[in-house]
Amino acid sequence: MKILVMGSGGVGGYFGGRLAAAGHDVTFVARGAHLAAMQTDGLTLDSQLGNVTIKPAKAVAGPEAAERPDIIMFATKLGDTEAAAHSLAGVVGPETSIITFQNGVDGPEIIAAALPGVHVVPGVARIASHISRPGVIEHRSPFARIEFGEPDGSAHPRLEAFHAACKAAGIDAVLSKNIRRDIWLKFALLAPFSGLSSLTGSTAGPIRETPATRALMEAAVREVIAVGAASGVEISADDYPRVWKAIEGQPPAMTSSMAHDRKAGKPMEVNYLSGAVVRLGEKYGIPTPTHAFITQALAIDAPGRR
């Protein structure tokens with residue numbers, strides 16, 4: 001199976017690396033020092049679930065240098081989505097599926113608008129990983145899971161083949177029958193945690209254990225659930241305990257990729273996370289004061305400081 005990874009950071013680099021290590025033809029699209037390191041020294045996964053180095057790693061600066069793939073694992077930052085999607089125009093065809101493994105809820109719609117008629121499949125990645133140094137993906141959590149599926153829950157042979165490839169590579173992969181719900185349940189955890197960890201500079205443990213920040217987190221989770229239900233997703237207030245259990249289960253030292261980005265002075269995804277909650281809340285008449293506060297408080301650093 002030919003696989004193209006758009007965005008070879010913590011998500012794309014990790015899962016693409018596992019597939020490459022299992023013998024699949026994986027091409028990584030990367031840039032800068034990370035690209036140079038992958039081309040010279042390969043790609044290393046420094047993971048609790050087992051270390052591996054892919055050398056040589058097929059790494060290119062743009063998709064135009066790659067062969068036409070069967071599957072595109074789309075894992076760029078949300079702010080890069082539209083430009084990255086347009087760059088794929090020359091390598092996608094009727095035999096290609098683009099599976100989104102991004103944060104937030106906007107990615108599939110942005111890609112579909114940029115590439116009309118292309119098979120775009122919503123997906124979600126559950127992993128705490130990042131580029132620790134060029135050519136190295138650090139994964140320090142006990143979980144690494146991807147879920148994907150057709151929005152209507154129907155079967156698709158290409159997705160079934162990709163699912164089988166992931167399972168054979170040792171990846172915890174789920175071919176979902178209700179991917180919109182899966183994405184929103186993750187979003188109900190991700191947007192609050194990304195916002196609070198970036199805002200406080202702290203990790204999961206102290207945020208949960210400090211009454212004031214715990215209250216902010218609880219309020220932020222409830223806002224996402226209310227907005228998701230109002231937008232027609234199969235999600236309800238009964239899902240709050242499920243999401244909070246997942247938050248309680250996060251390792252105390254865990255942080256978010258957005259917090260890493262703020263610390264590094266990189267552009268942040270806050271306008272696609274808490275900002276998206278605010279926009280959709282306004283659309284459906286749901287108050288979102290906590291996410292409005294997070295979005296406003298992080299606005300100075302949102303574009304990046306470099």
# chains A, B, ... in the order shown; residues from 1 in each chain; ligands from 1

$ residues_around --residues "segment 26-29 of chain A" --least-positions-apart "4" --cutoff "12 Å" --atoms "only C-alpha atoms" --output "number ranges by chain"
A: 1-9, 11-22, 34-36, 38-39, 42-43, 54-76, 84, 87-88, 135

$ closest_atom_pairs --of "segment 105-154 of chain A" --to "segment 176-188 of chain A" --cutoff "10 Å" --atoms "only C-alpha atoms" --output "CSV"
residue,atom,partner,partner_atom,distance
A:Val105,CA,A:Ile183,CA,7.0
A:Val121,CA,A:Ile179,CA,9.3
A:Pro122,CA,A:Ile179,CA,6.8
A:Gly123,CA,A:Ile179,CA,6.8
A:Val124,CA,A:Ile183,CA,5.9
A:Ala125,CA,A:Lys186,CA,8.8
A:Arg126,CA,A:Lys186,CA,8.0
A:Ile146,CA,A:Ser176,CA,9.8
A:Glu147,CA,A:Ser176,CA,6.2
A:Phe148,CA,A:Ser176,CA,5.6
A:Gly149,CA,A:Ser176,CA,4.9
A:Glu150,CA,A:Ile179,CA,7.1
A:Pro151,CA,A:Ile179,CA,6.1
A:Asp152,CA,A:Asn178,CA,7.3
A:Gly153,CA,A:Lys177,CA,4.2
A:Ser154,CA,A:Lys177,CA,7.2

$ residues_around --residues "Pro116 of chain A" --least-positions-apart "4" --cutoff "12 Å" --atoms "only C-alpha atoms" --output "ChimeraX atom specification"
/A:85-86,88-89,92-94,108-112,120

$ write_last_selection --atoms "N, CA and C atoms" --output "compact mmCIF listing (two decimals), in the first residue's frame"
# COMPACT_ATOMS: atom_id res chain seq x y z
N ALA A 85 -3.70 21.18 1.33
CA ALA A 85 -4.68 20.47 0.49
C ALA A 85 -4.49 20.85 -0.98
N HIS A 86 -4.34 22.14 -1.27
CA HIS A 86 -4.14 22.57 -2.66
C HIS A 86 -2.88 21.95 -3.25
N LEU A 88 -1.83 19.09 -2.94
CA LEU A 88 -2.06 17.68 -3.27
C LEU A 88 -2.76 17.48 -4.61
N ALA A 89 -3.16 18.57 -5.26
CA ALA A 89 -3.99 18.47 -6.46
C ALA A 89 -3.38 17.58 -7.54
N VAL A 92 -3.56 13.41 -6.28
CA VAL A 92 -4.79 12.71 -5.88
C VAL A 92 -5.58 12.31 -7.12
N GLY A 93 -6.32 11.24 -6.99
CA GLY A 93 -7.18 10.78 -8.06
C GLY A 93 -8.32 9.97 -7.49
N PRO A 94 -9.13 9.35 -8.34
CA PRO A 94 -10.28 8.57 -7.84
C PRO A 94 -9.88 7.37 -7.01
N PRO A 108 -11.77 18.24 7.68
CA PRO A 108 -12.37 17.59 6.51
C PRO A 108 -13.10 18.56 5.60
N GLU A 109 -13.81 19.52 6.17
CA GLU A 109 -14.56 20.48 5.37
C GLU A 109 -13.61 21.38 4.57
N ILE A 110 -12.51 21.81 5.18
CA ILE A 110 -11.55 22.67 4.49
C ILE A 110 -10.91 21.91 3.33
N ILE A 111 -10.52 20.66 3.56
CA ILE A 111 -9.88 19.86 2.51
C ILE A 111 -10.85 19.58 1.38
N ALA A 112 -12.09 19.22 1.70
CA ALA A 112 -13.08 18.92 0.67
C ALA A 112 -13.36 20.14 -0.20
N VAL A 120 -12.56 12.33 0.88
CA VAL A 120 -12.03 12.83 2.15
C VAL A 120 -12.73 12.10 3.28

$ atom_distance --atom1 "atom CA of Glu223 of chain A" --atom2 "atom CA of Arg305 of chain A"
29.4 Å

$ select_by_dssp --residues "segment 46-207 of chain A" --states "helix (DSSP H, G or I)" --output "PyMOL selection string"
chain A and resi 63-65+78-87+107-114+157-168+179-200+204-207

$ atom_distance --atom1 "atom CA of Ser198 of chain A" --atom2 "atom CA of Gln250 of chain A"
16.0 Å

$ atom_distance --atom1 "atom CA of Val224 of chain A" --atom2 "atom CA of Thr200 of chain A"
19.9 Å

$ residues_around --residues "segment 212-221 of chain A" --least-positions-apart "2" --cutoff "7 Å" --atoms "only C-alpha atoms" --output "PyMOL selection string"
chain A and resi 188-189+192+207-210+223-225+290-291

$ closest_residue --among "A:Val174, A:Ile300, A:Val227, A:Ile286" --to "Arg262 of chain A" --atoms "only C-alpha atoms"
A:Ile300

$ residues_around --residues "Ile131 of chain A" --least-positions-apart "3" --cutoff "6 Å" --atoms "only C-alpha atoms" --output "VMD selection string"
chain A and resid 9 to 10 136 to 137

$ write_last_selection --atoms "N, CA and C atoms" --output "PDB file, in the first residue's frame"
ATOM      1  N   GLY A   9       4.884  15.388  11.746  1.00  0.00           N
ATOM      2  CA  GLY A   9       5.192  15.694  13.134  1.00  0.00           C
ATOM      3  C   GLY A   9       4.772  14.578  14.063  1.00  0.00           C
ATOM      4  N   GLY A  10       4.262  14.957  15.257  1.00  0.00           N
ATOM      5  CA  GLY A  10       3.953  13.978  16.277  1.00  0.00           C
ATOM      6  C   GLY A  10       2.951  12.926  15.857  1.00  0.00           C
ATOM      7  N   VAL A 136      13.312  13.014  15.006  1.00  0.00           N
ATOM      8  CA  VAL A 136      12.936  12.171  16.144  1.00  0.00           C
ATOM      9  C   VAL A 136      11.541  12.547  16.638  1.00  0.00           C
ATOM     10  N   ILE A 137      10.657  11.557  16.722  1.00  0.00           N
ATOM     11  CA  ILE A 137       9.323  11.730  17.298  1.00  0.00           C
ATOM     12  C   ILE A 137       9.335  11.120  18.693  1.00  0.00           C
TER      13      ILE A 137
END

$ residues_around --residues "Ala264 of chain A" --least-positions-apart "6" --cutoff "12 Å" --atoms "only C-alpha atoms" --output "CSV table (one decimal) with C-alpha atoms, in the first residue's frame"
chain,number,residue,atom,x,y,z
A,131,ILE,CA,9.1,16.3,17.4
A,132,SER,CA,11.7,16.3,20.2
A,198,SER,CA,-1.2,26.5,27.0
A,257,SER,CA,1.0,20.0,21.4
A,258,MET,CA,-0.4,23.5,21.5
A,301,ASP,CA,0.8,34.4,21.0
A,302,ALA,CA,-1.6,32.7,18.5
A,304,GLY,CA,3.6,32.7,16.8
A,305,ARG,CA,6.5,34.9,18.0
A,306,ARG,CA,9.0,34.0,15.3

$ residues_around --residues "Lys77 of chain A" --least-positions-apart "4" --cutoff "9 Å" --atoms "only C-alpha atoms" --output "list of chain:residue names"
A:Gly7, A:Thr81, A:Gln102, A:Asn103, A:Met268, A:Glu269

$ select_by_dssp --residues "segment 65-267 of chain A" --states "strand (DSSP E or B)" --output "ChimeraX atom specification"
/A:71-74,97-100,119-121,123-133,136-148,172-175

$ write_last_selection --atoms "N, CA and C atoms" --output "CSV table (one decimal), in the first residue's frame"
chain,number,residue,atom,x,y,z
A,71,ILE,N,-3.4,6.1,0.0
A,71,ILE,CA,-3.9,6.7,1.2
A,71,ILE,C,-3.0,7.9,1.5
A,72,ILE,N,-3.7,9.0,1.8
A,72,ILE,CA,-2.9,10.2,2.3
A,72,ILE,C,-3.4,10.4,3.8
A,73,MET,N,-2.4,10.3,4.7
A,73,MET,CA,-2.6,10.6,6.1
A,73,MET,C,-2.4,12.1,6.3
A,74,PHE,N,-3.4,12.8,6.4
A,74,PHE,CA,-3.3,14.3,6.5
A,74,PHE,C,-3.2,14.7,7.9
A,97,SER,N,-7.6,8.1,-1.2
A,97,SER,CA,-8.4,8.6,-0.1
A,97,SER,C,-7.5,9.4,0.9
A,98,ILE,N,-8.1,10.6,1.2
A,98,ILE,CA,-7.4,11.4,2.2
A,98,ILE,C,-8.1,11.2,3.6
A,99,ILE,N,-7.3,10.8,4.5
A,99,ILE,CA,-7.9,10.6,5.9
A,99,ILE,C,-7.3,11.7,6.8
A,100,THR,N,-8.1,12.4,7.4
A,100,THR,CA,-7.6,13.5,8.3
A,100,THR,C,-7.4,13.1,9.7
A,119,HIS,N,-12.0,11.9,-2.3
A,119,HIS,CA,-12.5,11.1,-1.2
A,119,HIS,C,-11.9,11.6,0.1
A,120,VAL,N,-12.6,12.3,0.9
A,120,VAL,CA,-12.0,12.8,2.1
A,120,VAL,C,-12.7,12.1,3.3
A,121,VAL,N,-11.9,11.5,4.2
A,121,VAL,CA,-12.5,10.7,5.3
A,121,VAL,C,-12.1,11.3,6.6
A,123,GLY,N,-11.1,11.6,10.4
A,123,GLY,CA,-10.4,10.7,11.4
A,123,GLY,C,-10.0,11.4,12.6
A,124,VAL,N,-9.5,10.7,13.6
A,124,VAL,CA,-9.0,11.3,14.8
A,124,VAL,C,-7.8,10.5,15.3
A,125,ALA,N,-6.8,11.2,15.9
A,125,ALA,CA,-5.7,10.5,16.5
A,125,ALA,C,-5.7,10.8,17.9
A,126,ARG,N,-5.4,9.8,18.7
A,126,ARG,CA,-5.3,9.9,20.2
A,126,ARG,C,-3.9,9.5,20.6
A,127,ILE,N,-3.0,10.5,20.8
A,127,ILE,CA,-1.7,10.3,21.1
A,127,ILE,C,-1.0,11.6,21.6
A,128,ALA,N,-0.1,11.4,22.5
A,128,ALA,CA,0.7,12.6,23.0
A,128,ALA,C,2.1,12.4,22.5
A,129,SER,N,2.4,13.1,21.4
A,129,SER,CA,3.7,13.0,20.8
A,129,SER,C,4.1,14.3,20.1
A,130,HIS,N,5.4,14.5,19.9
A,130,HIS,CA,5.9,15.7,19.3
A,130,HIS,C,7.3,15.4,18.7
A,131,ILE,N,7.8,16.4,17.9
A,131,ILE,CA,9.1,16.3,17.4
A,131,ILE,C,10.0,16.8,18.5
A,132,SER,N,10.8,15.9,19.1
A,132,SER,CA,11.7,16.3,20.2
A,132,SER,C,13.0,17.0,19.6
A,133,ARG,N,13.4,16.5,18.5
A,133,ARG,CA,14.5,17.1,17.7
A,133,ARG,C,14.4,16.7,16.3
A,136,VAL,N,13.3,13.0,15.0
A,136,VAL,CA,12.9,12.2,16.1
A,136,VAL,C,11.5,12.5,16.6
A,137,ILE,N,10.7,11.6,16.7
A,137,ILE,CA,9.3,11.7,17.3
A,137,ILE,C,9.3,11.1,18.7
A,138,GLU,N,9.0,11.9,19.7
A,138,GLU,CA,9.0,11.4,21.1
A,138,GLU,C,7.6,11.2,21.5
A,139,HIS,N,7.3,9.9,22.0
A,139,HIS,CA,6.0,9.5,22.4
A,139,HIS,C,6.1,9.0,23.8
A,140,ARG,N,5.6,9.7,24.8
A,140,ARG,CA,5.7,9.4,26.2
A,140,ARG,C,4.4,9.1,26.9
A,141,SER,N,3.5,8.5,26.2
A,141,SER,CA,2.2,8.1,26.8
A,141,SER,C,1.9,6.7,26.5
A,142,PRO,N,1.1,6.0,27.3
A,142,PRO,CA,0.8,4.6,27.0
A,142,PRO,C,-0.3,4.4,25.9
A,143,PHE,N,-0.7,5.4,25.3
A,143,PHE,CA,-1.8,5.2,24.3
A,143,PHE,C,-1.3,5.8,22.9
A,144,ALA,N,-1.8,5.2,21.8
A,144,ALA,CA,-1.5,5.7,20.5
A,144,ALA,C,-2.5,5.1,19.6
A,145,ARG,N,-3.6,5.8,19.3
A,145,ARG,CA,-4.7,5.2,18.6
A,145,ARG,C,-5.2,6.1,17.5
A,146,ILE,N,-5.7,5.5,16.4
A,146,ILE,CA,-6.3,6.3,15.3
A,146,ILE,C,-7.7,5.6,15.1
A,147,GLU,N,-8.6,6.5,14.7
A,147,GLU,CA,-10.0,6.1,14.4
A,147,GLU,C,-10.4,6.9,13.1
A,148,PHE,N,-11.1,6.2,12.2
A,148,PHE,CA,-11.5,6.8,10.9
A,148,PHE,C,-12.6,6.1,10.4
A,172,ASP,N,-3.0,0.5,17.1
A,172,ASP,CA,-4.4,0.5,17.6
A,172,ASP,C,-5.3,1.3,16.7
A,173,ALA,N,-5.9,0.7,15.8
A,173,ALA,CA,-6.7,1.4,14.8
A,173,ALA,C,-8.2,0.9,14.8
A,174,VAL,N,-9.1,1.8,14.6
A,174,VAL,CA,-10.5,1.5,14.7
A,174,VAL,C,-11.2,2.1,13.4
A,175,LEU,N,-11.9,1.2,12.7
A,175,LEU,CA,-12.7,1.6,11.6
A,175,LEU,C,-14.1,2.0,12.1

$ closest_residue --among "A:Gly265, A:Thr53, A:Glu160, A:Met254" --to "Asp41 of chain A" --atoms "only C-alpha atoms"
A:Thr53

$ closest_residue --among "A:Ala164, A:Ala237, A:Val277, A:Ala83" --to "Gly195 of chain A" --atoms "only C-alpha atoms"
A:Val277
